[in-house]
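Visitor: Contents of structure.cif (mmCIF, N, CA and C atoms) are below:
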```
data_model
loop_
_atom_site.label_atom_id
_atom_site.label_comp_id
_atom_site.auth_asym_id
_atom_site.auth_seq_id
_atom_site.Cartn_x
_atom_site.Cartn_y
_atom_site.Cartn_z
N MET A 87 -17.04 -37.01 -26.12
CA MET A 87 -15.91 -37.87 -25.83
C MET A 87 -15.32 -37.53 -24.45
N ALA A 88 -15.12 -36.24 -24.17
CA ALA A 88 -14.57 -35.83 -22.89
C ALA A 88 -15.50 -36.21 -21.75
N ARG A 89 -16.80 -36.06 -21.98
CA ARG A 89 -17.78 -36.40 -20.95
C ARG A 89 -17.72 -37.89 -20.64
N LYS A 90 -17.51 -38.71 -21.68
CA LYS A 90 -17.42 -40.16 -21.48
C LYS A 90 -16.22 -40.49 -20.61
N LYS A 91 -15.08 -39.83 -20.88
CA LYS A 91 -13.88 -40.05 -20.07
C LYS A 91 -14.13 -39.65 -18.63
N MET A 92 -14.76 -38.49 -18.43
CA MET A 92 -15.04 -38.02 -17.07
C MET A 92 -15.97 -38.99 -16.35
N THR A 93 -16.97 -39.48 -17.05
CA THR A 93 -17.91 -40.43 -16.45
C THR A 93 -17.18 -41.69 -16.04
N GLN A 94 -16.29 -42.18 -16.90
CA GLN A 94 -15.52 -43.38 -16.57
C GLN A 94 -14.69 -43.16 -15.32
N ILE A 95 -14.10 -41.99 -15.20
CA ILE A 95 -13.25 -41.69 -14.05
C ILE A 95 -14.09 -41.62 -12.78
N ILE A 96 -15.19 -40.91 -12.85
CA ILE A 96 -16.05 -40.73 -11.67
C ILE A 96 -16.63 -42.06 -11.19
N GLU A 97 -17.03 -42.91 -12.13
CA GLU A 97 -17.69 -44.15 -11.77
C GLU A 97 -16.74 -45.24 -11.30
N THR A 98 -15.46 -45.03 -11.40
CA THR A 98 -14.49 -46.03 -10.97
C THR A 98 -14.54 -46.18 -9.46
N THR A 99 -14.68 -47.41 -9.02
CA THR A 99 -14.73 -47.66 -7.58
C THR A 99 -13.59 -48.56 -7.12
N ASN A 100 -12.81 -49.09 -8.06
CA ASN A 100 -11.75 -50.01 -7.67
C ASN A 100 -10.49 -49.29 -7.21
N GLY A 101 -10.42 -47.93 -7.38
CA GLY A 101 -9.28 -47.18 -6.88
C GLY A 101 -8.05 -47.25 -7.76
N ASN A 102 -8.10 -47.99 -8.85
CA ASN A 102 -6.93 -48.08 -9.72
C ASN A 102 -7.01 -46.97 -10.78
N GLU A 103 -6.50 -45.78 -10.39
CA GLU A 103 -6.61 -44.62 -11.27
C GLU A 103 -5.86 -44.80 -12.58
N ASN A 104 -4.69 -45.39 -12.51
CA ASN A 104 -3.89 -45.57 -13.72
C ASN A 104 -4.62 -46.44 -14.73
N GLU A 105 -5.24 -47.52 -14.24
CA GLU A 105 -5.98 -48.41 -15.14
C GLU A 105 -7.16 -47.65 -15.76
N GLN A 106 -7.83 -46.84 -14.95
CA GLN A 106 -8.96 -46.06 -15.44
C GLN A 106 -8.52 -45.10 -16.56
N PHE A 107 -7.44 -44.38 -16.35
CA PHE A 107 -6.98 -43.44 -17.36
C PHE A 107 -6.48 -44.16 -18.60
N ASN A 108 -5.85 -45.31 -18.43
CA ASN A 108 -5.39 -46.07 -19.58
C ASN A 108 -6.57 -46.50 -20.46
N SER A 109 -7.68 -46.89 -19.83
CA SER A 109 -8.85 -47.29 -20.62
C SER A 109 -9.48 -46.09 -21.31
N ALA A 110 -9.23 -44.89 -20.78
CA ALA A 110 -9.78 -43.68 -21.38
C ALA A 110 -8.83 -43.09 -22.42
N GLY A 111 -7.71 -43.70 -22.64
CA GLY A 111 -6.82 -43.24 -23.71
C GLY A 111 -5.52 -42.60 -23.25
N GLY A 112 -5.14 -42.71 -22.01
CA GLY A 112 -3.89 -42.15 -21.53
C GLY A 112 -3.66 -42.49 -20.09
N SER A 113 -2.48 -42.20 -19.58
CA SER A 113 -2.18 -42.50 -18.19
C SER A 113 -2.48 -41.29 -17.31
N LEU A 114 -2.63 -41.55 -16.04
CA LEU A 114 -2.87 -40.48 -15.08
C LEU A 114 -1.71 -39.48 -15.11
N GLU A 115 -0.50 -40.00 -15.19
CA GLU A 115 0.68 -39.14 -15.21
C GLU A 115 0.68 -38.24 -16.44
N GLN A 116 0.32 -38.80 -17.61
CA GLN A 116 0.26 -38.00 -18.84
C GLN A 116 -0.79 -36.90 -18.72
N THR A 117 -1.93 -37.24 -18.17
CA THR A 117 -3.01 -36.28 -18.02
C THR A 117 -2.59 -35.17 -17.06
N LYS A 118 -1.98 -35.53 -15.93
CA LYS A 118 -1.52 -34.53 -14.97
C LYS A 118 -0.48 -33.61 -15.61
N GLU A 119 0.43 -34.17 -16.39
CA GLU A 119 1.46 -33.37 -17.05
C GLU A 119 0.85 -32.41 -18.06
N GLN A 120 -0.14 -32.89 -18.82
CA GLN A 120 -0.79 -32.03 -19.81
C GLN A 120 -1.52 -30.87 -19.13
N VAL A 121 -2.25 -31.17 -18.08
CA VAL A 121 -2.99 -30.13 -17.36
C VAL A 121 -2.01 -29.15 -16.73
N SER A 122 -0.98 -29.67 -16.10
CA SER A 122 0.02 -28.82 -15.46
C SER A 122 0.70 -27.92 -16.48
N SER A 123 1.01 -28.45 -17.63
CA SER A 123 1.65 -27.68 -18.69
C SER A 123 0.74 -26.55 -19.18
N LYS A 124 -0.55 -26.85 -19.34
CA LYS A 124 -1.50 -25.83 -19.79
C LYS A 124 -1.67 -24.74 -18.75
N ILE A 125 -1.76 -25.14 -17.48
CA ILE A 125 -1.90 -24.16 -16.40
C ILE A 125 -0.68 -23.25 -16.35
N GLU A 126 0.49 -23.83 -16.46
CA GLU A 126 1.73 -23.06 -16.42
C GLU A 126 1.78 -22.06 -17.57
N ALA A 127 1.37 -22.47 -18.76
CA ALA A 127 1.37 -21.58 -19.92
C ALA A 127 0.40 -20.41 -19.72
N VAL A 128 -0.77 -20.70 -19.17
CA VAL A 128 -1.75 -19.64 -18.91
C VAL A 128 -1.22 -18.68 -17.85
N GLU A 129 -0.62 -19.21 -16.79
CA GLU A 129 -0.08 -18.37 -15.73
C GLU A 129 0.99 -17.43 -16.27
N LYS A 130 1.88 -17.95 -17.12
CA LYS A 130 2.93 -17.12 -17.72
C LYS A 130 2.34 -16.02 -18.59
N GLU A 131 1.34 -16.37 -19.37
CA GLU A 131 0.70 -15.40 -20.27
C GLU A 131 -0.01 -14.30 -19.47
N VAL A 132 -0.73 -14.67 -18.44
CA VAL A 132 -1.44 -13.69 -17.62
C VAL A 132 -0.44 -12.80 -16.88
N THR A 133 0.61 -13.39 -16.34
CA THR A 133 1.64 -12.63 -15.64
C THR A 133 2.27 -11.61 -16.58
N LYS A 134 2.57 -12.02 -17.80
CA LYS A 134 3.18 -11.11 -18.77
C LYS A 134 2.20 -10.00 -19.17
N GLN A 135 0.94 -10.34 -19.33
CA GLN A 135 -0.08 -9.34 -19.69
C GLN A 135 -0.20 -8.29 -18.58
N ILE A 136 -0.23 -8.74 -17.34
CA ILE A 136 -0.32 -7.81 -16.21
C ILE A 136 0.94 -6.94 -16.15
N ALA A 137 2.09 -7.56 -16.36
CA ALA A 137 3.36 -6.82 -16.35
C ALA A 137 3.35 -5.71 -17.40
N ASN A 138 2.89 -6.03 -18.59
CA ASN A 138 2.85 -5.04 -19.66
C ASN A 138 1.91 -3.89 -19.33
N LYS A 139 0.79 -4.21 -18.71
CA LYS A 139 -0.17 -3.16 -18.37
C LYS A 139 0.37 -2.26 -17.26
N ILE A 140 1.07 -2.83 -16.29
CA ILE A 140 1.67 -2.02 -15.22
C ILE A 140 2.69 -1.07 -15.82
N LYS A 141 3.54 -1.59 -16.67
CA LYS A 141 4.56 -0.74 -17.30
C LYS A 141 3.91 0.35 -18.15
N PHE A 142 2.87 -0.01 -18.89
CA PHE A 142 2.14 0.94 -19.72
C PHE A 142 1.59 2.08 -18.86
N LEU A 143 0.91 1.73 -17.77
CA LEU A 143 0.33 2.76 -16.90
C LEU A 143 1.40 3.64 -16.29
N ARG A 144 2.48 3.03 -15.85
CA ARG A 144 3.57 3.82 -15.26
C ARG A 144 4.15 4.79 -16.28
N ASN A 145 4.36 4.31 -17.50
CA ASN A 145 4.96 5.15 -18.54
C ASN A 145 4.04 6.29 -18.98
N ILE A 146 2.75 6.01 -19.18
CA ILE A 146 1.88 7.11 -19.63
C ILE A 146 1.67 8.14 -18.54
N ASN A 147 1.94 7.75 -17.31
CA ASN A 147 1.83 8.68 -16.20
C ASN A 147 3.19 9.30 -15.84
N LEU A 148 4.18 9.04 -16.66
CA LEU A 148 5.51 9.63 -16.52
C LEU A 148 6.13 9.43 -15.14
N LEU A 149 5.91 8.25 -14.58
CA LEU A 149 6.52 7.91 -13.30
C LEU A 149 7.77 7.08 -13.53
N SER A 150 8.82 7.39 -12.80
CA SER A 150 10.00 6.54 -12.85
C SER A 150 9.72 5.28 -12.05
N GLN A 151 10.53 4.27 -12.26
CA GLN A 151 10.36 3.05 -11.47
C GLN A 151 10.61 3.34 -9.99
N THR A 152 11.52 4.25 -9.71
CA THR A 152 11.82 4.61 -8.32
C THR A 152 10.63 5.28 -7.65
N ASP A 153 10.01 6.26 -8.33
CA ASP A 153 8.85 6.94 -7.76
C ASP A 153 7.67 5.98 -7.60
N PHE A 154 7.48 5.14 -8.59
CA PHE A 154 6.40 4.16 -8.52
C PHE A 154 6.64 3.19 -7.37
N ALA A 155 7.89 2.77 -7.20
CA ALA A 155 8.25 1.86 -6.11
C ALA A 155 7.94 2.48 -4.75
N LYS A 156 8.22 3.77 -4.62
CA LYS A 156 7.94 4.47 -3.35
C LYS A 156 6.44 4.46 -3.07
N LEU A 157 5.63 4.68 -4.10
CA LEU A 157 4.18 4.66 -3.92
C LEU A 157 3.70 3.28 -3.47
N LEU A 158 4.35 2.24 -4.01
CA LEU A 158 3.96 0.86 -3.68
C LEU A 158 4.56 0.35 -2.39
N GLY A 159 5.63 1.02 -1.94
CA GLY A 159 6.31 0.55 -0.74
C GLY A 159 7.22 -0.64 -1.00
N VAL A 160 7.77 -0.68 -2.23
CA VAL A 160 8.71 -1.74 -2.61
C VAL A 160 9.95 -1.08 -3.21
N SER A 161 10.96 -1.89 -3.48
CA SER A 161 12.17 -1.36 -4.12
C SER A 161 11.94 -1.20 -5.62
N PHE A 162 12.79 -0.36 -6.25
CA PHE A 162 12.64 -0.21 -7.70
C PHE A 162 12.98 -1.52 -8.40
N GLN A 163 13.82 -2.34 -7.78
CA GLN A 163 14.14 -3.65 -8.37
C GLN A 163 12.90 -4.54 -8.41
N GLN A 164 12.06 -4.42 -7.39
CA GLN A 164 10.82 -5.20 -7.37
C GLN A 164 9.90 -4.74 -8.48
N VAL A 165 9.84 -3.43 -8.71
CA VAL A 165 9.03 -2.89 -9.81
C VAL A 165 9.56 -3.45 -11.14
N GLN A 166 10.88 -3.50 -11.29
CA GLN A 166 11.47 -4.07 -12.51
C GLN A 166 11.02 -5.52 -12.69
N LYS A 167 11.00 -6.28 -11.61
CA LYS A 167 10.57 -7.68 -11.69
C LYS A 167 9.09 -7.79 -12.04
N TYR A 168 8.27 -6.90 -11.47
CA TYR A 168 6.84 -6.90 -11.81
C TYR A 168 6.67 -6.60 -13.30
N GLU A 169 7.37 -5.59 -13.79
CA GLU A 169 7.20 -5.14 -15.17
C GLU A 169 7.79 -6.11 -16.20
N SER A 170 8.74 -6.90 -15.80
CA SER A 170 9.32 -7.88 -16.74
C SER A 170 8.57 -9.21 -16.69
N GLY A 171 7.71 -9.37 -15.69
CA GLY A 171 6.99 -10.62 -15.53
C GLY A 171 7.80 -11.67 -14.80
N ALA A 172 8.95 -11.27 -14.25
CA ALA A 172 9.80 -12.22 -13.54
C ALA A 172 9.20 -12.62 -12.20
N THR A 173 8.39 -11.72 -11.63
CA THR A 173 7.74 -11.98 -10.35
C THR A 173 6.24 -11.80 -10.51
N ARG A 174 5.49 -12.74 -10.00
CA ARG A 174 4.04 -12.59 -10.00
C ARG A 174 3.65 -11.59 -8.93
N ILE A 175 2.65 -10.83 -9.25
CA ILE A 175 2.22 -9.78 -8.32
C ILE A 175 1.00 -10.26 -7.54
N SER A 176 0.96 -9.93 -6.27
CA SER A 176 -0.16 -10.37 -5.44
C SER A 176 -1.42 -9.60 -5.81
N ALA A 177 -2.54 -10.17 -5.46
CA ALA A 177 -3.83 -9.51 -5.72
C ALA A 177 -3.91 -8.19 -4.96
N ALA A 178 -3.37 -8.17 -3.75
CA ALA A 178 -3.41 -6.95 -2.94
C ALA A 178 -2.61 -5.83 -3.61
N LYS A 179 -1.40 -6.14 -4.09
CA LYS A 179 -0.58 -5.14 -4.77
C LYS A 179 -1.25 -4.69 -6.06
N LEU A 180 -1.89 -5.61 -6.74
CA LEU A 180 -2.58 -5.26 -7.98
C LEU A 180 -3.71 -4.27 -7.70
N CYS A 181 -4.42 -4.47 -6.60
CA CYS A 181 -5.48 -3.53 -6.20
C CYS A 181 -4.90 -2.16 -5.87
N ILE A 182 -3.76 -2.14 -5.21
CA ILE A 182 -3.10 -0.87 -4.88
C ILE A 182 -2.68 -0.16 -6.17
N ILE A 183 -2.11 -0.90 -7.10
CA ILE A 183 -1.70 -0.32 -8.38
C ILE A 183 -2.91 0.24 -9.13
N ALA A 184 -3.99 -0.51 -9.13
CA ALA A 184 -5.21 -0.04 -9.79
C ALA A 184 -5.68 1.26 -9.15
N SER A 185 -5.59 1.35 -7.84
CA SER A 185 -6.00 2.57 -7.13
C SER A 185 -5.09 3.74 -7.48
N ILE A 186 -3.80 3.50 -7.53
CA ILE A 186 -2.83 4.56 -7.87
C ILE A 186 -3.15 5.16 -9.23
N PHE A 187 -3.45 4.30 -10.19
CA PHE A 187 -3.67 4.77 -11.56
C PHE A 187 -5.14 5.00 -11.90
N ASN A 188 -6.00 4.87 -10.88
CA ASN A 188 -7.42 5.13 -11.05
C ASN A 188 -8.05 4.27 -12.16
N VAL A 189 -7.74 2.98 -12.11
CA VAL A 189 -8.36 2.02 -13.03
C VAL A 189 -9.00 0.91 -12.19
N ASP A 190 -9.93 0.20 -12.77
CA ASP A 190 -10.53 -0.94 -12.09
C ASP A 190 -9.58 -2.12 -12.18
N SER A 191 -9.61 -3.00 -11.19
CA SER A 191 -8.74 -4.18 -11.20
C SER A 191 -8.90 -5.03 -12.46
N PRO A 192 -10.11 -5.19 -13.01
CA PRO A 192 -10.25 -5.99 -14.24
C PRO A 192 -9.47 -5.43 -15.43
N PHE A 193 -9.06 -4.17 -15.36
CA PHE A 193 -8.25 -3.58 -16.43
C PHE A 193 -7.05 -4.46 -16.76
N PHE A 194 -6.45 -5.05 -15.74
CA PHE A 194 -5.23 -5.83 -15.93
C PHE A 194 -5.48 -7.16 -16.64
N PHE A 195 -6.74 -7.59 -16.66
CA PHE A 195 -7.07 -8.89 -17.25
C PHE A 195 -7.76 -8.78 -18.59
N LYS A 196 -8.10 -7.57 -19.00
CA LYS A 196 -8.76 -7.39 -20.29
C LYS A 196 -7.75 -7.47 -21.41
N ASP A 197 -8.20 -8.01 -22.52
CA ASP A 197 -7.39 -8.00 -23.73
C ASP A 197 -7.25 -6.55 -24.15
N THR A 198 -6.08 -6.17 -24.61
CA THR A 198 -5.82 -4.79 -24.99
C THR A 198 -6.83 -4.28 -26.01
N SER A 199 -7.28 -5.14 -26.91
CA SER A 199 -8.23 -4.71 -27.93
C SER A 199 -9.60 -4.38 -27.33
N GLU A 200 -9.87 -4.86 -26.11
CA GLU A 200 -11.15 -4.60 -25.46
C GLU A 200 -11.17 -3.26 -24.73
N ILE A 201 -10.02 -2.66 -24.52
CA ILE A 201 -9.94 -1.44 -23.73
C ILE A 201 -10.39 -0.26 -24.59
N LYS A 202 -11.45 0.37 -24.16
CA LYS A 202 -12.00 1.49 -24.93
C LYS A 202 -11.49 2.83 -24.40
N ASN A 203 -11.39 2.95 -23.10
CA ASN A 203 -10.96 4.21 -22.50
C ASN A 203 -9.63 4.02 -21.79
N ILE A 204 -8.59 4.62 -22.34
CA ILE A 204 -7.30 4.55 -21.68
C ILE A 204 -7.34 5.54 -20.52
N PRO A 205 -6.88 5.12 -19.35
CA PRO A 205 -6.98 5.98 -18.18
C PRO A 205 -6.27 7.31 -18.39
N THR A 206 -6.83 8.33 -17.77
CA THR A 206 -6.22 9.65 -17.82
C THR A 206 -4.96 9.63 -16.98
N PRO A 207 -3.87 10.20 -17.50
CA PRO A 207 -2.64 10.24 -16.69
C PRO A 207 -2.87 10.94 -15.37
N ILE A 208 -2.28 10.38 -14.33
CA ILE A 208 -2.50 10.93 -12.99
C ILE A 208 -1.88 12.31 -12.84
N GLN A 209 -0.96 12.71 -13.74
CA GLN A 209 -0.37 14.04 -13.65
C GLN A 209 -1.42 15.13 -13.78
N LYS A 210 -2.53 14.85 -14.39
CA LYS A 210 -3.59 15.84 -14.57
C LYS A 210 -4.39 16.04 -13.28
N ASP A 211 -4.21 15.17 -12.33
CA ASP A 211 -4.91 15.28 -11.06
C ASP A 211 -3.95 15.91 -10.05
N LYS A 212 -4.15 17.18 -9.75
CA LYS A 212 -3.24 17.93 -8.88
C LYS A 212 -3.10 17.26 -7.51
N ARG A 213 -4.19 16.76 -6.96
CA ARG A 213 -4.15 16.14 -5.64
C ARG A 213 -3.23 14.93 -5.63
N VAL A 214 -3.33 14.10 -6.67
CA VAL A 214 -2.49 12.91 -6.76
C VAL A 214 -1.02 13.31 -6.87
N MET A 215 -0.75 14.33 -7.67
CA MET A 215 0.64 14.77 -7.82
C MET A 215 1.19 15.30 -6.50
N GLU A 216 0.35 16.01 -5.75
CA GLU A 216 0.77 16.50 -4.44
C GLU A 216 1.06 15.33 -3.50
N ASP A 217 0.24 14.30 -3.55
CA ASP A 217 0.45 13.11 -2.73
C ASP A 217 1.76 12.41 -3.11
N ILE A 218 2.02 12.31 -4.41
CA ILE A 218 3.26 11.68 -4.87
C ILE A 218 4.46 12.48 -4.38
N LYS A 219 4.38 13.79 -4.49
CA LYS A 219 5.48 14.64 -4.04
C LYS A 219 5.70 14.47 -2.54
N PHE A 220 4.61 14.47 -1.78
CA PHE A 220 4.71 14.31 -0.33
C PHE A 220 5.36 12.98 0.02
N ILE A 221 4.92 11.90 -0.62
CA ILE A 221 5.48 10.57 -0.33
C ILE A 221 6.95 10.52 -0.70
N SER A 222 7.30 11.09 -1.85
CA SER A 222 8.71 11.10 -2.28
C SER A 222 9.57 11.87 -1.29
N GLU A 223 9.07 13.04 -0.85
CA GLU A 223 9.82 13.83 0.12
C GLU A 223 9.96 13.09 1.45
N TYR A 224 8.89 12.43 1.87
CA TYR A 224 8.92 11.68 3.12
C TYR A 224 10.02 10.61 3.08
N PHE A 225 10.04 9.83 1.99
CA PHE A 225 11.04 8.77 1.90
C PHE A 225 12.44 9.32 1.72
N SER A 226 12.57 10.45 1.05
CA SER A 226 13.89 11.09 0.91
C SER A 226 14.42 11.53 2.27
N LYS A 227 13.56 12.18 3.05
CA LYS A 227 13.96 12.62 4.39
C LYS A 227 14.30 11.43 5.29
N LYS A 228 13.52 10.38 5.16
CA LYS A 228 13.74 9.17 5.96
C LYS A 228 15.08 8.55 5.60
N ALA A 229 15.41 8.54 4.30
CA ALA A 229 16.67 7.96 3.84
C ALA A 229 17.85 8.82 4.31
N GLU A 230 17.67 10.15 4.28
CA GLU A 230 18.73 11.06 4.72
C GLU A 230 19.01 10.93 6.21
N SER A 231 17.94 10.73 6.99
CA SER A 231 18.12 10.63 8.43
C SER A 231 18.64 9.25 8.86
N GLY A 232 18.63 8.29 7.91
CA GLY A 232 19.13 6.97 8.21
C GLY A 232 18.18 6.10 8.99
N LYS A 233 16.93 6.45 9.01
CA LYS A 233 15.95 5.67 9.79
C LYS A 233 15.07 4.89 8.87
#
```
Please lay out the structure from this file as structure tokens.
Guide:
Amino acid sequence: MARKKMTQIIETTNGNENEQFNSAGGSLEQTKEQVSSKIEAVEKEVTKQIANKIKFLRNINLLSQTDFAKLLGVSFQQVQKYESGATRISAAKLCIIASIFNVDSPFFFKDTSEIKNIPTPIQKDKRVMEDIKFISEYFSKKAESGK
């Protein structure tokens, strides 16, 4: 049935899209609204899933939002927005977060039931902890000096 509708749409040469969709069982506007609604629902669900995974990783690694924000180069308020799903996160930031927590980028898109190995907390990696301490001290000194 769907293939028939698609064929009807593709083969239309008169340019009257509304008439074409009406003959296929709906209007162009209705179809656009349905597709837009489905896309929006998927985007919200994926954003929330990513937000939950970011918060999960931060918590199991015992990082405060402030320390995590310093690692990312954003404010702690931005981290709050990422973790609540209020703000969509860029692909670049997601790659940085994956690197911080030593997970692959696809980790954020996997269903939780598919995850077999939960990442090791970064606190067990002395080098990473030293880097976090260095970055925190750097930003503290920068804030104290007013620069």
Visitor: One decimal, in Å: what's the spacing between atom C of A:Leu143 and atom C of A:Leu157?
Guide: 13.0 Å
Visitor: Applying 5 Å and all atoms listed in the file, which residues near stretch 126-133 of chain A remain after dropping the ones on its own chain fewer than 4 positions away? List them as a list in words.
Guide: Ser122, Ala137 and Gly171 of chain A
Visitor: Save the residues we just selected, N, CA and C atoms, as a PDB file, keeping the file's coordinate frame?
Guide:
```
ATOM      1  N   SER A 122      -0.980 -29.670 -16.100  1.00  0.00           N
ATOM      2  CA  SER A 122       0.020 -28.820 -15.460  1.00  0.00           C
ATOM      3  C   SER A 122       0.700 -27.920 -16.480  1.00  0.00           C
ATOM      4  N   ALA A 137       2.090  -7.560 -16.360  1.00  0.00           N
ATOM      5  CA  ALA A 137       3.360  -6.820 -16.350  1.00  0.00           C
ATOM      6  C   ALA A 137       3.350  -5.710 -17.400  1.00  0.00           C
ATOM      7  N   GLY A 171       7.710  -9.370 -15.690  1.00  0.00           N
ATOM      8  CA  GLY A 171       6.990 -10.620 -15.530  1.00  0.00           C
ATOM      9  C   GLY A 171       7.800 -11.670 -14.800  1.00  0.00           C
TER      10      GLY A 171
END
```
Visitor: Interatomic distance between atom CA of A:Ala177 and atom CA of A:Gln120?
Guide: 26.7 Å
Visitor: Calculated over only C-alpha atoms, which of the candidates A:Phe187, A:Asn138, A:Lys124, A:Lys118 has the smallest distance to A:Phe154?
Guide: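 Checking each of A:Phe187, A:Asn138, A:Lys124, A:Lys118 against A:Phe154, counting only C-alpha atoms, the winner is A:Phe187.
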Visitor: Please report the interatomic distance between atom C of A:Phe162 and atom CA of A:Ser150 in Å with one decimal.
Guide: 9.7 Å
Visitor: So that I can see what lies close to A:Gln164, please list as a list in words the residues with an atom at most 8 Å from it, counting only N, CA and C atoms and leaving out residues fewer than 6 positions away in the same chain.
Guide: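 What passes the distance filter is Ala155, Ser170 and Thr173 of chain A.
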Visitor: Write the residues of the selection above to a file with N, CA and C atoms, as a tab-separated table (two decimals), in the coordinates of the input.
Guide:
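After the write, again.tsv holds the following:
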```tsv
chain	number	residue	atom	x	y	z
A	155	ALA	N	7.89	2.77	-7.20
A	155	ALA	CA	8.25	1.86	-6.11
A	155	ALA	C	7.94	2.48	-4.75
A	170	SER	N	8.74	-6.90	-15.80
A	170	SER	CA	9.32	-7.88	-16.74
A	170	SER	C	8.57	-9.21	-16.69
A	173	THR	N	8.39	-11.72	-11.63
A	173	THR	CA	7.74	-11.98	-10.35
A	173	THR	C	6.24	-11.80	-10.51
```
Visitor: Taking the file as shown, find all residues satisfying the PyMOL selection byres (((chain A and resi 186 and name CA) around 10) and name CA) and write them as a PyMOL selection string.
Guide: chain A and resi 143-144+154+157-158+180-185+187-189+208+214+218
Visitor: Store the residues picked out above, limited to N, CA and C atoms, as a compact mmCIF listing (two decimals), keeping the file's coordinate frame.
Guide:
```txt
# COMPACT_ATOMS: atom_id res chain seq x y z
N LEU A 143 0.91 1.73 -17.77
CA LEU A 143 0.33 2.76 -16.90
C LEU A 143 1.40 3.64 -16.29
N ARG A 144 2.48 3.03 -15.85
CA ARG A 144 3.57 3.82 -15.26
C ARG A 144 4.15 4.79 -16.28
N PHE A 154 7.48 5.14 -8.59
CA PHE A 154 6.40 4.16 -8.52
C PHE A 154 6.64 3.19 -7.37
N LEU A 157 5.63 4.68 -4.10
CA LEU A 157 4.18 4.66 -3.92
C LEU A 157 3.70 3.28 -3.47
N LEU A 158 4.35 2.24 -4.01
CA LEU A 158 3.96 0.86 -3.68
C LEU A 158 4.56 0.35 -2.39
N LEU A 180 -1.89 -5.61 -6.74
CA LEU A 180 -2.58 -5.26 -7.98
C LEU A 180 -3.71 -4.27 -7.70
N CYS A 181 -4.42 -4.47 -6.60
CA CYS A 181 -5.48 -3.53 -6.20
C CYS A 181 -4.90 -2.16 -5.87
N ILE A 182 -3.76 -2.14 -5.21
CA ILE A 182 -3.10 -0.87 -4.88
C ILE A 182 -2.68 -0.16 -6.17
N ILE A 183 -2.11 -0.90 -7.10
CA ILE A 183 -1.70 -0.32 -8.38
C ILE A 183 -2.91 0.24 -9.13
N ALA A 184 -3.99 -0.51 -9.13
CA ALA A 184 -5.21 -0.04 -9.79
C ALA A 184 -5.68 1.26 -9.15
N SER A 185 -5.59 1.35 -7.84
CA SER A 185 -6.00 2.57 -7.13
C SER A 185 -5.09 3.74 -7.48
N PHE A 187 -3.45 4.30 -10.19
CA PHE A 187 -3.67 4.77 -11.56
C PHE A 187 -5.14 5.00 -11.90
N ASN A 188 -6.00 4.87 -10.88
CA ASN A 188 -7.42 5.13 -11.05
C ASN A 188 -8.05 4.27 -12.16
N VAL A 189 -7.74 2.98 -12.11
CA VAL A 189 -8.36 2.02 -13.03
C VAL A 189 -9.00 0.91 -12.19
N ILE A 208 -2.28 10.38 -14.33
CA ILE A 208 -2.50 10.93 -12.99
C ILE A 208 -1.88 12.31 -12.84
N VAL A 214 -3.33 14.10 -6.67
CA VAL A 214 -2.49 12.91 -6.76
C VAL A 214 -1.02 13.31 -6.87
N ILE A 218 2.02 12.31 -4.41
CA ILE A 218 3.26 11.68 -4.87
C ILE A 218 4.46 12.48 -4.38
```
Visitor: Counting all atoms listed in the file, figure out which residue out of A:Ile221, A:Phe194, A:Glu230, A:Lys134 gets nearest to A:Ala172.
Guide: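 The shortest atom-to-atom distance to A:Ala172 comes from A:Lys134.
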Visitor: Report as a PyMOL selection string: the residues of stretch 106-181 of chain A with a DSSP assignment of helix (DSSP H, G or I), based on the backbone of this structure.
Guide: chain A and resi 106-109+114-146+151-158+162-170+177-181
